[in-house]
Amino acid sequence: MGDRRPTGAAGPSGGMSGVPASGTGSGAGHGGSGGAAGGAGTRQGAGAPEPAGSAGGAEGPQPTGRRLAALLDLPGLAAPQPQAVHGGDPSYGPSAPDGATARMPGGGPAEEPAQRLDLLPAPERLAALDLLHRHTERLARARGLAATLTTLLDSGAELLGADRALLVPVARESGENHLPFDRAAVTGPAGAPALDAAADLATDPATGRPVEPVGAVHGLAGAGWQDHAGHGPMVGLRLDHAAIGALETVPVEHGPFAGLLRSGARPRQLLHADLAAEPGLVPRFREVAAGLGLAACFALPLATDAEGPLAAAVWFYPEPRQPTDLQQELARRFTAFAAPLLAGRLAAERGQRATEALRRGLLPDHLPYLPGLRLAVRWLPAGLEHSAGSDWYDAITLPDGSVGLTVGSVSGDGPGAGPASATAAASAMGRIRAALRAYAVLEGEDPVSVLGDLELLLKTTEPARTATAVYACLDPQERRITLAGAGHCPPVLVTRYGANFVETSLSAPLGMLSCWEAPGVELNVERGDLLLLYTEGLARRLGPTLHAGQARLRKAAADAPRELRHDPDALCAHLVGHCLGTAPETVETTDDLVLLAARFD
């Protein structure tokens, strides 16, 4: 395997580019020049490093490196730490460096020994702190959980000079703390921008499942999922599905992250410098590592006091080696910064998934079946962080044997309405849809009356909101459609002669005027005709303007193959696929997408 070290990786001598290797020596550098020359020894033209507790640190001004460390708010960097007294743990044998398995009495990591950073001269210490700051800042700026995981692994690989990486989450029986992703492979190059898979994934129109781009973390896992091996779904950096699957076959307590997922006593880090020659490794681990070209690995836990263990991160090397003491310390401090950040991202992701599930529960879980009529629907919600409203659809069986179909959109909550109000708009959507169902059952054969009652309710109970809607009463026996709209996109009627709009957009949205009025439309259809109801989000994804998108939707429906027009579900899949495939990149997905189709048989 060729040398694929990223920027900042270890050079041939085992040091890290940009951060000098520590050791003794009498380098000839002058003043602030840094390099691989001695970090703790004397240098010509430069004084020895200031010891902890010296006048410059206790009474005089703080050293520059320590002030920068204080700004980073990293534990143990702002002041030198006393050396902890501990002993090795024979259960981890030669795989752990000195002090790697020390533990606190309560089960947490032991107090760290004297820090390598504190032994470096000021220029080298500043270079190391600057490198650490760049990576922590990059991690803090990562948007979303998927990007956070990708950045965590990639930055750790750069700090350690590693080739590949794996993140292994802790399994919870309730699924509460699972990383909400199936096993994944992030195949992009080191330093490439992280992908926010949770926000940017398209959806397969036929199944409604996310479709992942290359290099993205894969789709959502089911709640409560528990891996058979005792850990959650793994996330890999430059590891494909086959490689991750092979690593999952290694027993948890004997693999590269042995003991790091424990809620009690766990090692501070694990180092296997030579997987092929190191004694004590289980045969399965050695076999998998040889097959994947993994020669060494370094692992760290990700844990917080409040959450306990969250995950373990493992970085792999293609040749036998071990990171320098300085690289190990920087990686430990990076993961100490990453752990609470990851806990927050996980909490936010769990909240978003719960909200999305509740939002989905506000809509019908199935469509009714009536003789002579077939129904199909597609609903693709915009993310709550992007959405400025909430769309609904419904199909209601009426007492006289007809069916009421409706789609609509709720937006606005007074000053400041926008993406931050998406959750409140979704709640309002549920209330309005429930009210519309009641009015439809009472007077569903008169769409104008249904929308008029809904407008009165909206003005009375939701005065800061507006809504657009279309309501249609379909009689499958008579093949008759009666409908009315309130500022909504006009339905499309697809016949054997083509596709045309059913004009209903002459009325204002609900809640806009003191007295709402709209004309109703009644028409007779033939066997095989389809009625398409949709929301604004579908049209806006098809063109640069609303009207251009509506025209393209009508043309796509008219040009659909004949066999697709015989099946409303297949037609919905075709139109949504056409929509997502031709949406301009400049169009932001701030609207939900709803397409409801009804075919007369």
# chains A, B, ... in the order shown; residues from 1 in each chain; ligands from 1
$ residues_around --residues "stretch 257-263 of chain A" --least-positions-apart "5" --cutoff "6 Å" --atoms "only C-alpha atoms" --output "MDAnalysis selection string"
chainID A and resid 252 301 309
$ residues_around --residues "A:Pro519" --least-positions-apart "3" --cutoff "12 Å" --atoms "only C-alpha atoms" --output "short mmCIF file (atom, residue, chain, number, x, y, z; two decimals) with all heavy atoms, in the first residue's frame"
data_model
loop_
_atom_site.label_atom_id
_atom_site.label_comp_id
_atom_site.auth_asym_id
_atom_site.auth_seq_id
_atom_site.Cartn_x
_atom_site.Cartn_y
_atom_site.Cartn_z
N ASP A 446 -69.83 19.30 -0.52
CA ASP A 446 -69.76 20.71 -0.91
C ASP A 446 -68.38 21.26 -0.53
O ASP A 446 -68.18 21.75 0.58
CB ASP A 446 -70.86 21.50 -0.20
CG ASP A 446 -70.92 22.95 -0.67
OD1 ASP A 446 -70.07 23.34 -1.50
OD2 ASP A 446 -71.81 23.69 -0.20
N PRO A 447 -67.41 21.20 -1.43
CA PRO A 447 -66.06 21.64 -1.09
C PRO A 447 -65.98 23.11 -0.67
O PRO A 447 -65.16 23.46 0.18
CB PRO A 447 -65.28 21.39 -2.38
CG PRO A 447 -66.03 20.30 -3.08
CD PRO A 447 -67.47 20.58 -2.77
N VAL A 448 -66.81 23.97 -1.25
CA VAL A 448 -66.77 25.39 -0.88
C VAL A 448 -67.14 25.57 0.59
O VAL A 448 -66.51 26.33 1.32
CB VAL A 448 -67.68 26.21 -1.81
CG1 VAL A 448 -67.74 27.66 -1.34
CG2 VAL A 448 -67.17 26.15 -3.25
N SER A 449 -68.15 24.86 1.04
CA SER A 449 -68.56 24.95 2.45
C SER A 449 -67.47 24.41 3.37
O SER A 449 -67.20 24.96 4.45
CB SER A 449 -69.86 24.19 2.67
OG SER A 449 -70.92 24.76 1.92
N LEU A 451 -64.17 24.36 2.89
CA LEU A 451 -63.08 25.32 3.00
C LEU A 451 -63.52 26.59 3.69
O LEU A 451 -62.75 27.23 4.40
CB LEU A 451 -62.52 25.64 1.61
CG LEU A 451 -61.81 24.47 0.89
CD1 LEU A 451 -61.26 24.94 -0.45
CD2 LEU A 451 -60.69 23.91 1.76
N GLY A 452 -64.78 26.99 3.52
CA GLY A 452 -65.28 28.17 4.23
C GLY A 452 -65.29 27.97 5.74
O GLY A 452 -64.90 28.86 6.50
N VAL A 470 -56.63 22.59 -1.19
CA VAL A 470 -57.58 22.20 -2.22
C VAL A 470 -58.32 20.97 -1.68
O VAL A 470 -57.71 20.09 -1.06
CB VAL A 470 -56.88 21.89 -3.57
CG1 VAL A 470 -55.89 20.76 -3.44
CG2 VAL A 470 -57.90 21.58 -4.65
N THR A 482 -66.03 17.10 -7.74
CA THR A 482 -66.40 18.45 -7.31
C THR A 482 -65.28 18.95 -6.41
O THR A 482 -64.91 18.29 -5.44
CB THR A 482 -67.71 18.44 -6.52
OG1 THR A 482 -68.72 17.77 -7.29
CG2 THR A 482 -68.16 19.85 -6.22
N LEU A 483 -64.74 20.12 -6.74
CA LEU A 483 -63.59 20.59 -5.96
C LEU A 483 -63.58 22.10 -5.84
O LEU A 483 -64.26 22.82 -6.58
CB LEU A 483 -62.28 20.08 -6.57
CG LEU A 483 -61.94 20.40 -8.03
CD1 LEU A 483 -61.30 21.77 -8.16
CD2 LEU A 483 -61.01 19.35 -8.60
N ALA A 484 -62.79 22.57 -4.89
CA ALA A 484 -62.57 24.00 -4.67
C ALA A 484 -61.18 24.17 -4.09
O ALA A 484 -60.64 23.28 -3.43
CB ALA A 484 -63.62 24.57 -3.72
N GLY A 485 -60.58 25.33 -4.33
CA GLY A 485 -59.23 25.61 -3.84
C GLY A 485 -59.16 26.96 -3.15
O GLY A 485 -59.99 27.84 -3.40
N ALA A 486 -58.17 27.10 -2.29
CA ALA A 486 -57.95 28.35 -1.57
C ALA A 486 -56.48 28.73 -1.74
O ALA A 486 -55.62 28.35 -0.93
CB ALA A 486 -58.29 28.20 -0.08
N GLY A 487 -56.19 29.44 -2.83
CA GLY A 487 -54.83 29.90 -3.09
C GLY A 487 -53.84 28.79 -3.34
O GLY A 487 -52.62 29.00 -3.18
N GLU A 503 -58.54 24.71 -13.06
CA GLU A 503 -58.23 26.02 -12.47
C GLU A 503 -59.03 26.26 -11.19
O GLU A 503 -60.26 26.30 -11.20
CB GLU A 503 -58.53 27.13 -13.49
CG GLU A 503 -58.06 28.49 -13.05
CD GLU A 503 -56.58 28.50 -12.74
OE1 GLU A 503 -55.78 28.17 -13.63
OE2 GLU A 503 -56.23 28.81 -11.58
N THR A 504 -58.29 26.41 -10.09
CA THR A 504 -58.93 26.74 -8.80
C THR A 504 -58.16 27.83 -8.07
O THR A 504 -58.42 28.10 -6.91
CB THR A 504 -58.95 25.50 -7.88
OG1 THR A 504 -57.61 25.09 -7.61
CG2 THR A 504 -59.71 24.36 -8.52
N SER A 505 -57.19 28.46 -8.71
CA SER A 505 -56.29 29.39 -8.02
C SER A 505 -56.77 30.83 -8.03
O SER A 505 -56.01 31.73 -7.74
CB SER A 505 -54.90 29.32 -8.67
OG SER A 505 -54.99 29.64 -10.06
N LEU A 506 -58.06 31.07 -8.36
CA LEU A 506 -58.56 32.44 -8.37
C LEU A 506 -58.89 32.94 -6.96
O LEU A 506 -59.11 34.12 -6.77
CB LEU A 506 -59.81 32.53 -9.25
CG LEU A 506 -59.59 32.19 -10.74
CD1 LEU A 506 -60.93 32.24 -11.47
CD2 LEU A 506 -58.59 33.15 -11.36
N SER A 507 -58.90 32.05 -5.99
CA SER A 507 -59.24 32.44 -4.62
C SER A 507 -57.99 32.73 -3.82
O SER A 507 -56.88 32.32 -4.18
CB SER A 507 -60.05 31.33 -3.95
OG SER A 507 -59.27 30.16 -3.91
N ALA A 508 -58.18 33.42 -2.69
CA ALA A 508 -57.06 33.77 -1.81
C ALA A 508 -56.81 32.64 -0.81
O ALA A 508 -57.69 31.82 -0.54
CB ALA A 508 -57.38 35.06 -1.06
N TRP A 516 -63.79 35.09 3.11
CA TRP A 516 -63.26 34.24 2.05
C TRP A 516 -64.39 33.70 1.20
O TRP A 516 -65.41 33.23 1.69
CB TRP A 516 -62.48 33.07 2.66
CG TRP A 516 -61.91 32.15 1.62
CD1 TRP A 516 -60.73 32.28 0.97
CD2 TRP A 516 -62.52 30.96 1.12
NE1 TRP A 516 -60.54 31.23 0.09
CE2 TRP A 516 -61.65 30.40 0.16
CE3 TRP A 516 -63.73 30.30 1.39
CZ2 TRP A 516 -61.93 29.24 -0.52
CZ3 TRP A 516 -64.00 29.13 0.70
CH2 TRP A 516 -63.10 28.60 -0.24
N GLU A 522 -67.07 21.63 -10.95
CA GLU A 522 -67.61 20.28 -11.06
C GLU A 522 -67.36 19.77 -12.47
O GLU A 522 -67.60 20.50 -13.45
CB GLU A 522 -69.10 20.26 -10.74
CG GLU A 522 -69.72 18.87 -10.78
CD GLU A 522 -71.18 18.86 -10.32
OE1 GLU A 522 -71.55 19.71 -9.50
OE2 GLU A 522 -71.94 17.98 -10.81
#
$ residues_around --residues "stretch 277-284 of chain A" --least-positions-apart "3" --cutoff "7 Å" --atoms "only C-alpha atoms" --output "ChimeraX atom specification"
/A:250,254,274,287-288
$ atom_distance --atom1 "atom CA of A:Met429" --atom2 "atom CA of A:Glu517"
21.7 Å
$ atom_distance --atom1 "atom CA of A:Ala440" --atom2 "atom CA of A:Cys515"
20.4 Å
$ atom_distance --atom1 "atom CA of A:Ala336" --atom2 "atom CA of A:Glu349"
20.6 Å
$ residues_around --residues "A:Ala306" --least-positions-apart "5" --cutoff "12 Å" --atoms "only C-alpha atoms" --output "list in words"
Gly108, Ser263, Ala339, Pro340, Ala343 and Gly344 of chain A
$ residues_around --residues "stretch 359-372 of chain A" --least-positions-apart "3" --cutoff "7 Å" --atoms "only C-alpha atoms" --output "ChimeraX atom specification"
/A:355-356,375,392-395,397,426,430,476-477,600-601
$ write_last_selection --atoms "N, CA and C atoms" --output "tab-separated table (two decimals), in the first residue's frame"
chain	number	residue	atom	x	y	z
A	355	THR	N	-39.15	14.14	16.58
A	355	THR	CA	-40.06	15.13	16.02
A	355	THR	C	-40.55	14.70	14.64
A	356	GLU	N	-39.64	14.15	13.82
A	356	GLU	CA	-40.04	13.68	12.50
A	356	GLU	C	-41.05	12.53	12.61
A	375	LEU	N	-55.94	4.91	-5.25
A	375	LEU	CA	-55.25	6.08	-4.71
A	375	LEU	C	-53.77	5.76	-4.49
A	392	TRP	N	-49.81	18.88	4.28
A	392	TRP	CA	-50.59	17.71	4.65
A	392	TRP	C	-51.27	17.12	3.41
A	393	TYR	N	-51.75	15.90	3.57
A	393	TYR	CA	-52.63	15.27	2.61
A	393	TYR	C	-53.60	14.41	3.40
A	394	ASP	N	-54.73	14.07	2.79
A	394	ASP	CA	-55.70	13.22	3.46
A	394	ASP	C	-56.66	12.64	2.43
A	395	ALA	N	-57.22	11.48	2.77
A	395	ALA	CA	-58.26	10.83	1.97
A	395	ALA	C	-59.30	10.30	2.94
A	397	THR	N	-63.10	8.71	3.65
A	397	THR	CA	-64.30	8.03	3.15
A	397	THR	C	-65.53	8.71	3.74
A	426	ALA	N	-45.88	22.43	12.00
A	426	ALA	CA	-46.30	21.04	11.89
A	426	ALA	C	-47.42	20.73	12.88
A	430	GLY	N	-51.40	19.57	11.99
A	430	GLY	CA	-52.19	18.48	12.56
A	430	GLY	C	-53.55	18.94	13.03
A	476	PRO	N	-66.81	7.74	-7.19
A	476	PRO	CA	-66.32	6.75	-8.15
A	476	PRO	C	-67.41	6.09	-8.95
A	477	GLN	N	-68.63	6.03	-8.45
A	477	GLN	CA	-69.71	5.39	-9.19
A	477	GLN	C	-70.18	6.28	-10.33
A	600	PHE	N	-59.64	6.71	-11.77
A	600	PHE	CA	-60.98	6.11	-11.91
A	600	PHE	C	-60.88	4.85	-12.75
A	601	ASP	N	-61.33	3.72	-12.20
A	601	ASP	CA	-61.31	2.44	-12.91
A	601	ASP	C	-62.69	2.09	-13.46
$ select_by_dssp --residues "stretch 421-598 of chain A" --states "strand (DSSP E or B)" --output "ChimeraX atom specification"
/A:466-475,480-486,492-495,498-501,510,521-524,530-534,593-598
$ closest_residue --among "A:Leu310, A:Ala122, A:Leu239, A:Ala140" --to "A:Val168" --atoms "only C-alpha atoms"
A:Leu310
$ closest_residue --among "A:Ile432, A:Leu153, A:Cys572, A:Asp567" --to "A:Leu457" --atoms "only C-alpha atoms"
A:Ile432
$ closest_residue --among "A:Gly291, A:Phe298, A:His241, A:Ala357" --to "A:Arg268" --atoms "only C-alpha atoms"
A:Phe298
